[in-house]
file data-v7.json (JSON, C-alpha atoms)
[["chain", "number", "residue", "atom", "x", "y", "z"],
["A", 1, "MET", "CA", 10.99, 8.61, -31.18],
["A", 2, "SER", "CA", 8.26, 8.70, -33.82],
["A", 3, "ASN", "CA", 4.53, 8.99, -33.25],
["A", 4, "ILE", "CA", 1.80, 7.86, -35.61],
["A", 5, "THR", "CA", -1.66, 8.96, -34.55],
["A", 6, "GLU", "CA", -4.92, 7.73, -36.00],
["A", 7, "VAL", "CA", -8.10, 9.64, -35.08],
["A", 8, "ARG", "CA", -11.55, 8.09, -35.08],
["A", 9, "ARG", "CA", -14.63, 10.04, -34.12],
["A", 10, "LEU", "CA", -17.64, 8.01, -33.08],
["A", 11, "SER", "CA", -20.74, 8.89, -35.05],
["A", 12, "ALA", "CA", -23.28, 11.05, -33.21],
["A", 13, "SER", "CA", -20.92, 11.33, -30.24],
["A", 14, "PRO", "CA", -18.53, 14.03, -29.06],
["A", 15, "ALA", "CA", -16.04, 11.35, -27.97],
["A", 16, "GLU", "CA", -12.74, 11.19, -29.80],
["A", 17, "LEU", "CA", -10.50, 8.13, -29.67],
["A", 18, "ARG", "CA", -6.98, 7.80, -30.96],
["A", 19, "VAL", "CA", -4.60, 4.93, -31.51],
["A", 20, "GLU", "CA", -1.08, 6.18, -30.94],
["A", 21, "ARG", "CA", 2.00, 4.15, -31.83],
["A", 22, "VAL", "CA", 5.27, 5.23, -30.25],
["A", 23, "THR", "CA", 8.57, 3.73, -31.37],
["A", 24, "ARG", "CA", 10.93, 3.29, -28.45],
["A", 25, "LYS", "CA", 14.72, 3.65, -28.63],
["A", 26, "ASP", "CA", 15.08, -0.14, -28.81],
["A", 27, "GLY", "CA", 12.89, -0.23, -31.94],
["A", 28, "ASP", "CA", 9.86, -1.83, -30.30],
["A", 29, "VAL", "CA", 6.53, -0.10, -30.79],
["A", 30, "ASP", "CA", 4.17, 0.69, -27.93],
["A", 31, "THR", "CA", 0.49, 1.18, -28.76],
["A", 32, "PHE", "CA", -1.60, 3.57, -26.70],
["A", 33, "ILE", "CA", -5.30, 4.31, -26.81],
["A", 34, "LYS", "CA", -6.33, 7.77, -25.73],
["A", 35, "GLY", "CA", -9.36, 9.96, -25.86],
["A", 36, "TYR", "CA", -12.12, 11.43, -23.77],
["A", 37, "GLY", "CA", -14.52, 9.33, -21.72],
["A", 38, "VAL", "CA", -16.56, 12.46, -21.10],
["A", 39, "VAL", "CA", -16.78, 15.63, -23.17],
["A", 40, "PHE", "CA", -18.24, 18.60, -21.32],
["A", 41, "GLU", "CA", -21.08, 20.82, -22.52],
["A", 42, "GLU", "CA", -21.87, 18.83, -25.69],
["A", 43, "TYR", "CA", -24.88, 16.68, -26.48],
["A", 44, "SER", "CA", -24.29, 12.95, -26.21],
["A", 45, "ARG", "CA", -25.48, 10.56, -28.85],
["A", 46, "PRO", "CA", -29.13, 9.54, -28.32],
["A", 47, "PHE", "CA", -29.74, 6.82, -25.75],
["A", 48, "TRP", "CA", -32.27, 4.28, -27.05],
["A", 49, "ASP", "CA", -33.41, 6.96, -29.51],
["A", 50, "GLU", "CA", -35.18, 8.65, -26.61],
["A", 51, "TRP", "CA", -32.93, 11.19, -24.88],
["A", 52, "VAL", "CA", -29.53, 12.84, -24.87],
["A", 53, "GLU", "CA", -27.43, 14.30, -22.09],
["A", 54, "ILE", "CA", -25.06, 17.19, -21.59],
["A", 55, "ILE", "CA", -22.42, 16.81, -18.88],
["A", 56, "SER", "CA", -21.53, 19.97, -16.98],
["A", 57, "SER", "CA", -17.92, 21.10, -16.83],
["A", 58, "ARG", "CA", -18.34, 21.07, -13.03],
["A", 59, "ALA", "CA", -19.56, 17.45, -12.91],
["A", 60, "PHE", "CA", -16.23, 16.06, -11.68],
["A", 61, "ASP", "CA", -15.21, 18.93, -9.37],
["A", 62, "ASP", "CA", -15.49, 16.88, -6.16],
["A", 63, "THR", "CA", -15.12, 13.41, -7.63],
["A", 64, "ASP", "CA", -12.70, 10.97, -5.99],
["A", 65, "MET", "CA", -10.48, 9.84, -8.88],
["A", 66, "SER", "CA", -7.99, 7.97, -6.69],
["A", 67, "ALA", "CA", -9.00, 4.55, -8.07],
["A", 68, "VAL", "CA", -10.18, 4.40, -11.69],
["A", 69, "VAL", "CA", -10.49, 1.28, -13.84],
["A", 70, "MET", "CA", -10.86, 1.12, -17.65],
["A", 71, "VAL", "CA", -12.90, -1.97, -18.52],
["A", 72, "VAL", "CA", -14.62, -3.55, -21.51],
["A", 73, "ASP", "CA", -18.43, -3.24, -21.59],
["A", 74, "HIS", "CA", -18.77, -2.05, -17.98],
["A", 75, "ALA", "CA", -17.66, -5.54, -16.95],
["A", 76, "ARG", "CA", -16.60, -6.37, -13.43],
["A", 77, "GLU", "CA", -14.46, -9.38, -14.35],
["A", 78, "VAL", "CA", -10.73, -9.00, -13.89],
["A", 79, "SER", "CA", -10.19, -10.33, -17.43],
["A", 80, "SER", "CA", -12.03, -7.27, -18.79],
["A", 81, "VAL", "CA", -9.67, -4.71, -17.24],
["A", 82, "LEU", "CA", -7.72, -2.77, -19.87],
["A", 83, "ALA", "CA", -5.93, -0.38, -17.50],
["A", 84, "ARG", "CA", -6.15, 1.13, -14.03],
["A", 85, "SER", "CA", -4.96, 4.06, -11.98],
["A", 86, "LYS", "CA", -4.59, 4.04, -8.22],
["A", 87, "ASP", "CA", -3.48, 7.15, -6.36],
["A", 88, "GLY", "CA", -2.07, 8.66, -9.55],
["A", 89, "SER", "CA", 0.01, 5.71, -10.69],
["A", 90, "GLY", "CA", -0.67, 2.64, -12.80],
["A", 91, "THR", "CA", -1.29, 1.87, -16.46],
["A", 92, "LEU", "CA", -4.12, 4.41, -16.90],
["A", 93, "GLU", "CA", -3.47, 8.13, -17.15],
["A", 94, "ILE", "CA", -6.59, 10.14, -16.42],
["A", 95, "THR", "CA", -7.00, 13.90, -16.27],
["A", 96, "VAL", "CA", -9.85, 16.37, -16.10],
["A", 97, "ASP", "CA", -9.32, 19.42, -18.29],
["A", 98, "GLU", "CA", -11.47, 22.13, -19.87],
["A", 99, "LYS", "CA", -12.66, 19.74, -22.61],
["A", 100, "GLY", "CA", -13.61, 16.78, -20.41],
["A", 101, "VAL", "CA", -12.19, 13.66, -18.78],
["A", 102, "ALA", "CA", -9.21, 12.47, -20.80],
["A", 103, "PHE", "CA", -7.57, 9.06, -20.63],
["A", 104, "ARG", "CA", -4.55, 7.31, -22.10],
["A", 105, "PHE", "CA", -3.35, 3.77, -21.61],
["A", 106, "LEU", "CA", -0.78, 1.37, -23.00],
["A", 107, "VAL", "CA", -2.46, -1.54, -24.77],
["A", 108, "ALA", "CA", -1.25, -4.73, -23.14],
["A", 109, "ASN", "CA", 0.13, -7.44, -25.40],
["A", 110, "THR", "CA", -2.61, -9.80, -24.23],
["A", 111, "SER", "CA", -5.39, -7.50, -25.45],
["A", 112, "LYS", "CA", -3.56, -5.57, -28.17],
["A", 113, "ASP", "CA", -5.13, -7.11, -31.29],
["A", 114, "ASN", "CA", -8.79, -6.92, -30.24],
["A", 115, "THR", "CA", -8.63, -3.56, -28.48],
["A", 116, "GLU", "CA", -6.52, -1.79, -31.10],
["A", 117, "ASP", "CA", -8.61, -3.20, -33.95],
["A", 118, "SER", "CA", -11.86, -2.15, -32.28],
["A", 119, "VAL", "CA", -10.69, 1.44, -31.96],
["A", 120, "SER", "CA", -9.05, 1.56, -35.39],
["A", 121, "GLU", "CA", -12.20, 0.28, -37.05],
["A", 122, "SER", "CA", -14.55, 2.13, -34.66],
["A", 123, "GLU", "CA", -16.41, -1.13, -34.26],
["A", 124, "GLY", "CA", -18.47, -0.85, -31.14],
["A", 125, "PHE", "CA", -15.74, 0.87, -29.16],
["A", 126, "GLU", "CA", -17.29, 3.66, -27.14],
["A", 127, "THR", "CA", -16.49, 5.44, -23.95],
["A", 128, "SER", "CA", -18.78, 6.22, -21.06],
["A", 129, "THR", "CA", -18.64, 6.84, -17.34]]

call {"tool": "encode", "arguments": {"input": "data-v7.json", "output": "C-alpha cells"}}
result
Amino acid sequence: MSNITEVRRLSASPAELRVERVTRKDGDVDTFIKGYGVVFEEYSRPFWDEWVEIISSRAFDDTDMSAVVMVVDHAREVSSVLARSKDGSGTLEITVDEKGVAFRFLVANTSKDNTEDSVSESEGFETST
C-alpha cells in the first residue's frame, strides 16, 4: 500500500487539510480528505475583519458526538453531505485529541472531482463547527 499526502494550510487559519491517496491491493486508489475542523488554543482567522476566537481544549469535553455530519457550506440538503458518523461507524472518522477535533473521510466518487480539487487548490475549502 502506498500513501501520497498533500498538505494545504489555509491562510490566516490554524486548520490543516490533507488529500491522502491510498492505493489498495487491487490497484484502485482511494482518496481521503483529513484535517482538523477545530484547532484548540490558537487564534482563528478574523471573522468579517472584526474579531477572532480561540477554542478551549475543554470545549468538547461533554459534547455528544454520536451523530456528526460533514457537509458543504453548512448546508442542510442531503446532496451536500460529504460523510457522516453515527454511533462511531460510517464514512466519517472523527476524534478529539490534544490538538483539536480531527476528521477523515473517503471522498465518494460522486463528489470526488469537486471536493478533491477544492482542497488541493485551497479554493474556498475551509472547516468550521

call {"tool": "atom_distance", "arguments": {"input": "data-v7.json", "atom1": "atom CA of A:Val81", "atom2": "atom CA of A:Arg21"}}
result
20.7 Å

call {"tool": "atom_distance", "arguments": {"input": "data-v7.json", "atom1": "atom CA of A:Ala102", "atom2": "atom CA of A:Asp28"}}
result
25.7 Å

call {"tool": "residues_around", "arguments": {"input": "data-v7.json", "residues": "A:Val71", "least_positions_apart": "6", "cutoff": "8 Å", "atoms": "all atoms listed in the file", "output": "ChimeraX atom specification"}}
result
/A:80-83

call {"tool": "write_last_selection", "arguments": {"input": "data-v7.json", "atoms": "C-alpha atoms", "output": "PDB file, keeping the file's coordinate frame"}}
result
ATOM      1  CA  SER A  80     -12.030  -7.270 -18.790  1.00  0.00           C
ATOM      2  CA  VAL A  81      -9.670  -4.710 -17.240  1.00  0.00           C
ATOM      3  CA  LEU A  82      -7.720  -2.770 -19.870  1.00  0.00           C
ATOM      4  CA  ALA A  83      -5.930  -0.380 -17.500  1.00  0.00           C
TER       5      ALA A  83
END

call {"tool": "closest_residue", "arguments": {"input": "data-v7.json", "among": "A:Phe32, A:Lys25, A:Val19, A:Ile55", "to": "A:Arg104", "atoms": "all atoms listed in the file"}}
result
A:Phe32

call {"tool": "residues_around", "arguments": {"input": "data-v7.json", "residues": "A:Tyr43", "least_positions_apart": "6", "cutoff": "7 Å", "atoms": "all atoms listed in the file", "output": "list of chain:residue names"}}
result
A:Val52, A:Glu53, A:Ile54

call {"tool": "atom_distance", "arguments": {"input": "data-v7.json", "atom1": "atom CA of A:Val72", "atom2": "atom CA of A:Gly88"}}
result
21.2 Å

call {"tool": "residues_around", "arguments": {"input": "data-v7.json", "residues": "A:Thr63", "least_positions_apart": "6", "cutoff": "12 Å", "atoms": "all atoms listed in the file", "output": "number ranges by chain"}}
result
A: 95-96, 101

call {"tool": "write_last_selection", "arguments": {"input": "data-v7.json", "atoms": "C-alpha atoms", "output": "PDB file, keeping the file's coordinate frame"}}
result
ATOM      1  CA  THR A  95      -7.000  13.900 -16.270  1.00  0.00           C
ATOM      2  CA  VAL A  96      -9.850  16.370 -16.100  1.00  0.00           C
ATOM      3  CA  VAL A 101     -12.190  13.660 -18.780  1.00  0.00           C
TER       4      VAL A 101
END

call {"tool": "closest_residue", "arguments": {"input": "data-v7.json", "among": "A:Asp97, A:Leu92, A:Lys34, A:Phe103", "to": "A:Arg58", "atoms": "only C-alpha atoms"}}
result
A:Asp97

call {"tool": "closest_residue", "arguments": {"input": "data-v7.json", "among": "A:Phe40, A:Ile33, A:Arg18, A:Thr23", "to": "A:Lys99", "atoms": "all atoms listed in the file"}}
result
A:Phe40

call {"tool": "closest_residue", "arguments": {"input": "data-v7.json", "among": "A:Glu98, A:Asp49, A:Glu42, A:Glu20", "to": "A:Asp61", "atoms": "all atoms listed in the file"}}
result
A:Glu98

call {"tool": "closest_residue", "arguments": {"input": "data-v7.json", "among": "A:Val22, A:Glu16, A:Gly90, A:Thr31", "to": "A:Leu106", "atoms": "only C-alpha atoms"}}
result
A:Thr31

call {"tool": "closest_residue", "arguments": {"input": "data-v7.json", "among": "A:Val68, A:Val29, A:Leu17, A:Val39", "to": "A:Ser56", "atoms": "all atoms listed in the file"}}
result
A:Val39
